[in-house]
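Each remark here refers to the structure printed beneath this line.
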Amino acid sequence: MRTTRSLAPMRAAVWTIVAANVALLAWVVITSLKTTRDVFDHPWRLPIPPTLDNYLTALEVGNFGRAAVNSVIVGLVSSVLAVVIAAPAAYALSRTMNRAGRPLTLLFALGTGVPTQVILLPIFLMLSSLELTSTLTGLTLAYIGTAMPFTVFLLTGFFRSLPGELEEAAALDGAGAWTTFLRVVLPVARPGLVTVFVLQLIVSWNETMLALVLMQETEMETLPVALIGFAQQQQYTGTNWGGMFAGICVVVLPMIALFAWVGRRVTDGMTLGMGK
């Protein structure tokens, strides 16, 4: 009873924060359905009538349509390839019993703390020498490279949580290392794979700095960069606040919907992976 009472203030604080964030999100969505005049005249009133012209403005003037396609392509490809590359490396590290296993795992863990600003210039110079700047291929490669430390580290912990008896049984049946990994380990490790895929997709969808530096052509912009460009346009033509909020919704709502759909799996996968 005492424990429940002691947790009551913390629960109240958590629910207060959740309610504030939900209210803010709802206000952004409602504002995106208003005209600029209604935004200032009636900031807290429901849009009467609601209008979708702001979304049309964002798609046409702000280039959000093409940017959304670029974000989807780069996000999906980089997330899939990051999982495909990181999974075998993480599995090998999780089963390595020699002295090199822990230092290599620690090296990937340290890589998660390297800020993007430190590696931004080397990535730009490398991709520029390969003529891959302002290309979706170059941005995808940059996202895959920056995703490796966290992805390998998380999957290594997840693979270590799997029982070794499964692999021993597969070995007794004559399965080789790759057969065991592909047919036995990967199906069991699906929660961890889904976790890293969703997290990488969210990161690549919202990433701004690399996309802003590497993408120097309007047709190659991703959604965060398109939102910045749209905001800069408004400085000269007069701010269309309804269109701005519509652009924010185009960037934010897809990832919120994705996380609401698979959020429980992501949480469970991170809990299992970080526990080892």
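Chain labels run A, B, ... following the order of the structure tokens; each chain numbers its residues from 1, and ligands are numbered from 1 in the order shown.
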
Q: Within 12 Å of Ala226 of chain A, counting only C-alpha atoms, which residues show up once you throw out same-chain ones fewer than 6 positions away? Write them as a PyMOL selection string, please.
A: chain A and resi 58-71+206+208+211-212+215-220+232-233+244+247-248+250-251

Okay, now the selection with C-alpha atoms, as a CSV table (one decimal), in the first residue's frame?
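So the final result, stored in out_2.csv, reads:
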```
chain,number,residue,atom,x,y,z
A,58,ALA,CA,2.7,22.4,-48.6
A,59,LEU,CA,2.8,19.7,-51.3
A,60,GLU,CA,3.0,22.0,-54.2
A,61,VAL,CA,4.8,25.1,-53.0
A,62,GLY,CA,6.9,23.5,-50.3
A,63,ASN,CA,7.9,20.5,-52.5
A,64,PHE,CA,6.7,18.2,-49.7
A,65,GLY,CA,5.4,15.6,-52.2
A,66,ARG,CA,8.8,14.9,-53.8
A,67,ALA,CA,10.5,15.2,-50.4
A,68,ALA,CA,8.1,12.6,-48.9
A,69,VAL,CA,9.0,10.1,-51.7
A,70,ASN,CA,12.7,10.8,-51.0
A,71,SER,CA,12.3,10.3,-47.3
A,206,ASN,CA,13.8,12.9,-38.9
A,208,THR,CA,18.3,16.9,-40.8
A,211,ALA,CA,20.5,15.7,-45.4
A,212,LEU,CA,20.9,19.4,-45.3
A,215,MET,CA,21.5,17.3,-50.5
A,216,GLN,CA,22.2,20.4,-52.5
A,217,GLU,CA,19.4,20.1,-55.1
A,218,THR,CA,15.8,20.8,-54.4
A,219,GLU,CA,14.6,17.6,-56.1
A,220,MET,CA,16.7,15.5,-53.7
A,232,GLN,CA,12.6,30.3,-45.5
A,233,GLN,CA,10.2,31.0,-48.4
A,244,MET,CA,3.5,25.8,-42.0
A,247,GLY,CA,4.1,20.9,-43.3
A,248,ILE,CA,4.9,20.0,-39.7
A,250,VAL,CA,3.3,15.9,-42.9
A,251,VAL,CA,6.7,15.4,-41.2
```

Q) Neighbours of segment 121-123 of chain A within 10 Å (only C-alpha atoms; same-chain residues fewer than 2 positions away dropped), as a count of residues only? A) 19

Q: Quick one: everything within 8 Å of Leu193 of chain A, counting only C-alpha atoms, minus sequence neighbours fewer than 5 positions away in the same chain. Send it as a PyMOL selection string.
A: chain A and resi 83+87+155

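Our summary of the geometry notes that atom CA of Leu258 of chain A is positioned 25.6 Å from atom CA of Lys34 of chain A.
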
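When only C-alpha atoms are used to compute distances to Ala92 of chain A, the closest of the residues A:Pro224, A:Pro187, A:Gly157, A:Gly243 turns out to be A:Gly157.
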
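Nearest to Thr137 of chain A of all the residues A:Leu172, A:Val74, A:Ala82, A:Val152 is A:Val74, counting only C-alpha atoms.
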
**Q.** For Val196 of chain A: contacts at 10 Å, only C-alpha atoms, fewer than 4 positions along chain excluded, given as a list of chain:residue names
**A.** A:Ser79, A:Val80, A:Ala82, A:Val83, A:Ala86, A:Ala87, A:Ala147, A:Phe150, A:Thr151, A:Val152, A:Leu154, A:Leu155, A:Pro191, A:Gly192, A:Gln200, A:Leu201, A:Ile202, A:Val266, A:Gly269, A:Met270

What does the file look like for those residues with N, CA, C and O atoms, as a PDB file, in the first residue's frame?
```pdb
ATOM      1  N   SER A  79      17.168   1.517 -43.555  1.00  0.00           N
ATOM      2  CA  SER A  79      16.773   0.715 -42.391  1.00  0.00           C
ATOM      3  C   SER A  79      16.918  -0.775 -42.674  1.00  0.00           C
ATOM      4  O   SER A  79      17.423  -1.539 -41.839  1.00  0.00           O
ATOM      5  N   VAL A  80      16.467  -1.205 -43.857  1.00  0.00           N
ATOM      6  CA  VAL A  80      16.578  -2.622 -44.214  1.00  0.00           C
ATOM      7  C   VAL A  80      18.045  -3.043 -44.311  1.00  0.00           C
ATOM      8  O   VAL A  80      18.457  -4.071 -43.738  1.00  0.00           O
ATOM      9  N   ALA A  82      20.658  -1.604 -42.983  1.00  0.00           N
ATOM     10  CA  ALA A  82      21.311  -1.533 -41.679  1.00  0.00           C
ATOM     11  C   ALA A  82      21.067  -2.809 -40.879  1.00  0.00           C
ATOM     12  O   ALA A  82      21.983  -3.342 -40.241  1.00  0.00           O
ATOM     13  N   VAL A  83      19.845  -3.315 -40.927  1.00  0.00           N
ATOM     14  CA  VAL A  83      19.532  -4.562 -40.222  1.00  0.00           C
ATOM     15  C   VAL A  83      20.257  -5.738 -40.871  1.00  0.00           C
ATOM     16  O   VAL A  83      20.824  -6.600 -40.182  1.00  0.00           O
ATOM     17  N   ALA A  86      24.017  -5.358 -39.950  1.00  0.00           N
ATOM     18  CA  ALA A  86      24.326  -5.393 -38.525  1.00  0.00           C
ATOM     19  C   ALA A  86      24.011  -6.735 -37.882  1.00  0.00           C
ATOM     20  O   ALA A  86      24.691  -7.140 -36.931  1.00  0.00           O
ATOM     21  N   ALA A  87      22.990  -7.435 -38.367  1.00  0.00           N
ATOM     22  CA  ALA A  87      22.572  -8.677 -37.719  1.00  0.00           C
ATOM     23  C   ALA A  87      23.678  -9.736 -37.696  1.00  0.00           C
ATOM     24  O   ALA A  87      23.954 -10.302 -36.635  1.00  0.00           O
ATOM     25  N   ALA A 147      24.282   4.431 -38.584  1.00  0.00           N
ATOM     26  CA  ALA A 147      23.392   3.558 -37.810  1.00  0.00           C
ATOM     27  C   ALA A 147      24.106   2.345 -37.236  1.00  0.00           C
ATOM     28  O   ALA A 147      23.595   1.707 -36.306  1.00  0.00           O
ATOM     29  N   PHE A 150      24.926   1.884 -32.984  1.00  0.00           N
ATOM     30  CA  PHE A 150      23.779   1.587 -32.128  1.00  0.00           C
ATOM     31  C   PHE A 150      23.097   0.285 -32.534  1.00  0.00           C
ATOM     32  O   PHE A 150      22.700  -0.516 -31.676  1.00  0.00           O
ATOM     33  N   THR A 151      22.957   0.042 -33.835  1.00  0.00           N
ATOM     34  CA  THR A 151      22.267  -1.158 -34.316  1.00  0.00           C
ATOM     35  C   THR A 151      23.012  -2.421 -33.908  1.00  0.00           C
ATOM     36  O   THR A 151      22.416  -3.374 -33.394  1.00  0.00           O
ATOM     37  N   VAL A 152      24.330  -2.448 -34.123  1.00  0.00           N
ATOM     38  CA  VAL A 152      25.123  -3.625 -33.746  1.00  0.00           C
ATOM     39  C   VAL A 152      25.122  -3.800 -32.235  1.00  0.00           C
ATOM     40  O   VAL A 152      24.974  -4.929 -31.731  1.00  0.00           O
ATOM     41  N   LEU A 154      22.866  -2.856 -29.982  1.00  0.00           N
ATOM     42  CA  LEU A 154      21.570  -3.315 -29.486  1.00  0.00           C
ATOM     43  C   LEU A 154      21.317  -4.767 -29.869  1.00  0.00           C
ATOM     44  O   LEU A 154      20.852  -5.570 -29.046  1.00  0.00           O
ATOM     45  N   LEU A 155      21.613  -5.132 -31.110  1.00  0.00           N
ATOM     46  CA  LEU A 155      21.383  -6.513 -31.533  1.00  0.00           C
ATOM     47  C   LEU A 155      22.322  -7.492 -30.843  1.00  0.00           C
ATOM     48  O   LEU A 155      21.947  -8.651 -30.593  1.00  0.00           O
ATOM     49  N   PRO A 191      11.683  -9.878 -32.728  1.00  0.00           N
ATOM     50  CA  PRO A 191      11.417  -8.631 -31.974  1.00  0.00           C
ATOM     51  C   PRO A 191      12.581  -7.652 -31.988  1.00  0.00           C
ATOM     52  O   PRO A 191      12.388  -6.443 -32.125  1.00  0.00           O
ATOM     53  N   GLY A 192      13.807  -8.167 -31.845  1.00  0.00           N
ATOM     54  CA  GLY A 192      14.965  -7.279 -31.898  1.00  0.00           C
ATOM     55  C   GLY A 192      15.180  -6.674 -33.256  1.00  0.00           C
ATOM     56  O   GLY A 192      15.539  -5.494 -33.384  1.00  0.00           O
ATOM     57  N   GLN A 200      15.705   2.860 -36.628  1.00  0.00           N
ATOM     58  CA  GLN A 200      16.481   3.444 -37.714  1.00  0.00           C
ATOM     59  C   GLN A 200      15.588   4.191 -38.686  1.00  0.00           C
ATOM     60  O   GLN A 200      15.974   5.249 -39.213  1.00  0.00           O
ATOM     61  N   LEU A 201      14.393   3.681 -38.935  1.00  0.00           N
ATOM     62  CA  LEU A 201      13.469   4.366 -39.836  1.00  0.00           C
ATOM     63  C   LEU A 201      13.062   5.721 -39.263  1.00  0.00           C
ATOM     64  O   LEU A 201      13.016   6.728 -39.987  1.00  0.00           O
ATOM     65  N   ILE A 202      12.803   5.765 -37.965  1.00  0.00           N
ATOM     66  CA  ILE A 202      12.430   7.028 -37.323  1.00  0.00           C
ATOM     67  C   ILE A 202      13.595   8.015 -37.364  1.00  0.00           C
ATOM     68  O   ILE A 202      13.411   9.211 -37.653  1.00  0.00           O
ATOM     69  N   VAL A 266       8.712  -2.367 -30.053  1.00  0.00           N
ATOM     70  CA  VAL A 266       9.979  -1.645 -29.938  1.00  0.00           C
ATOM     71  C   VAL A 266      10.431  -1.583 -28.489  1.00  0.00           C
ATOM     72  O   VAL A 266      11.604  -1.818 -28.162  1.00  0.00           O
ATOM     73  N   GLY A 269      11.629  -5.027 -27.374  1.00  0.00           N
ATOM     74  CA  GLY A 269      12.910  -5.359 -27.976  1.00  0.00           C
ATOM     75  C   GLY A 269      14.069  -4.616 -27.338  1.00  0.00           C
ATOM     76  O   GLY A 269      15.125  -5.184 -27.098  1.00  0.00           O
ATOM     77  N   MET A 270      13.876  -3.332 -27.019  1.00  0.00           N
ATOM     78  CA  MET A 270      14.931  -2.566 -26.358  1.00  0.00           C
ATOM     79  C   MET A 270      15.177  -3.060 -24.948  1.00  0.00           C
ATOM     80  O   MET A 270      16.301  -3.112 -24.471  1.00  0.00           O
TER      81      MET A 270
END
```
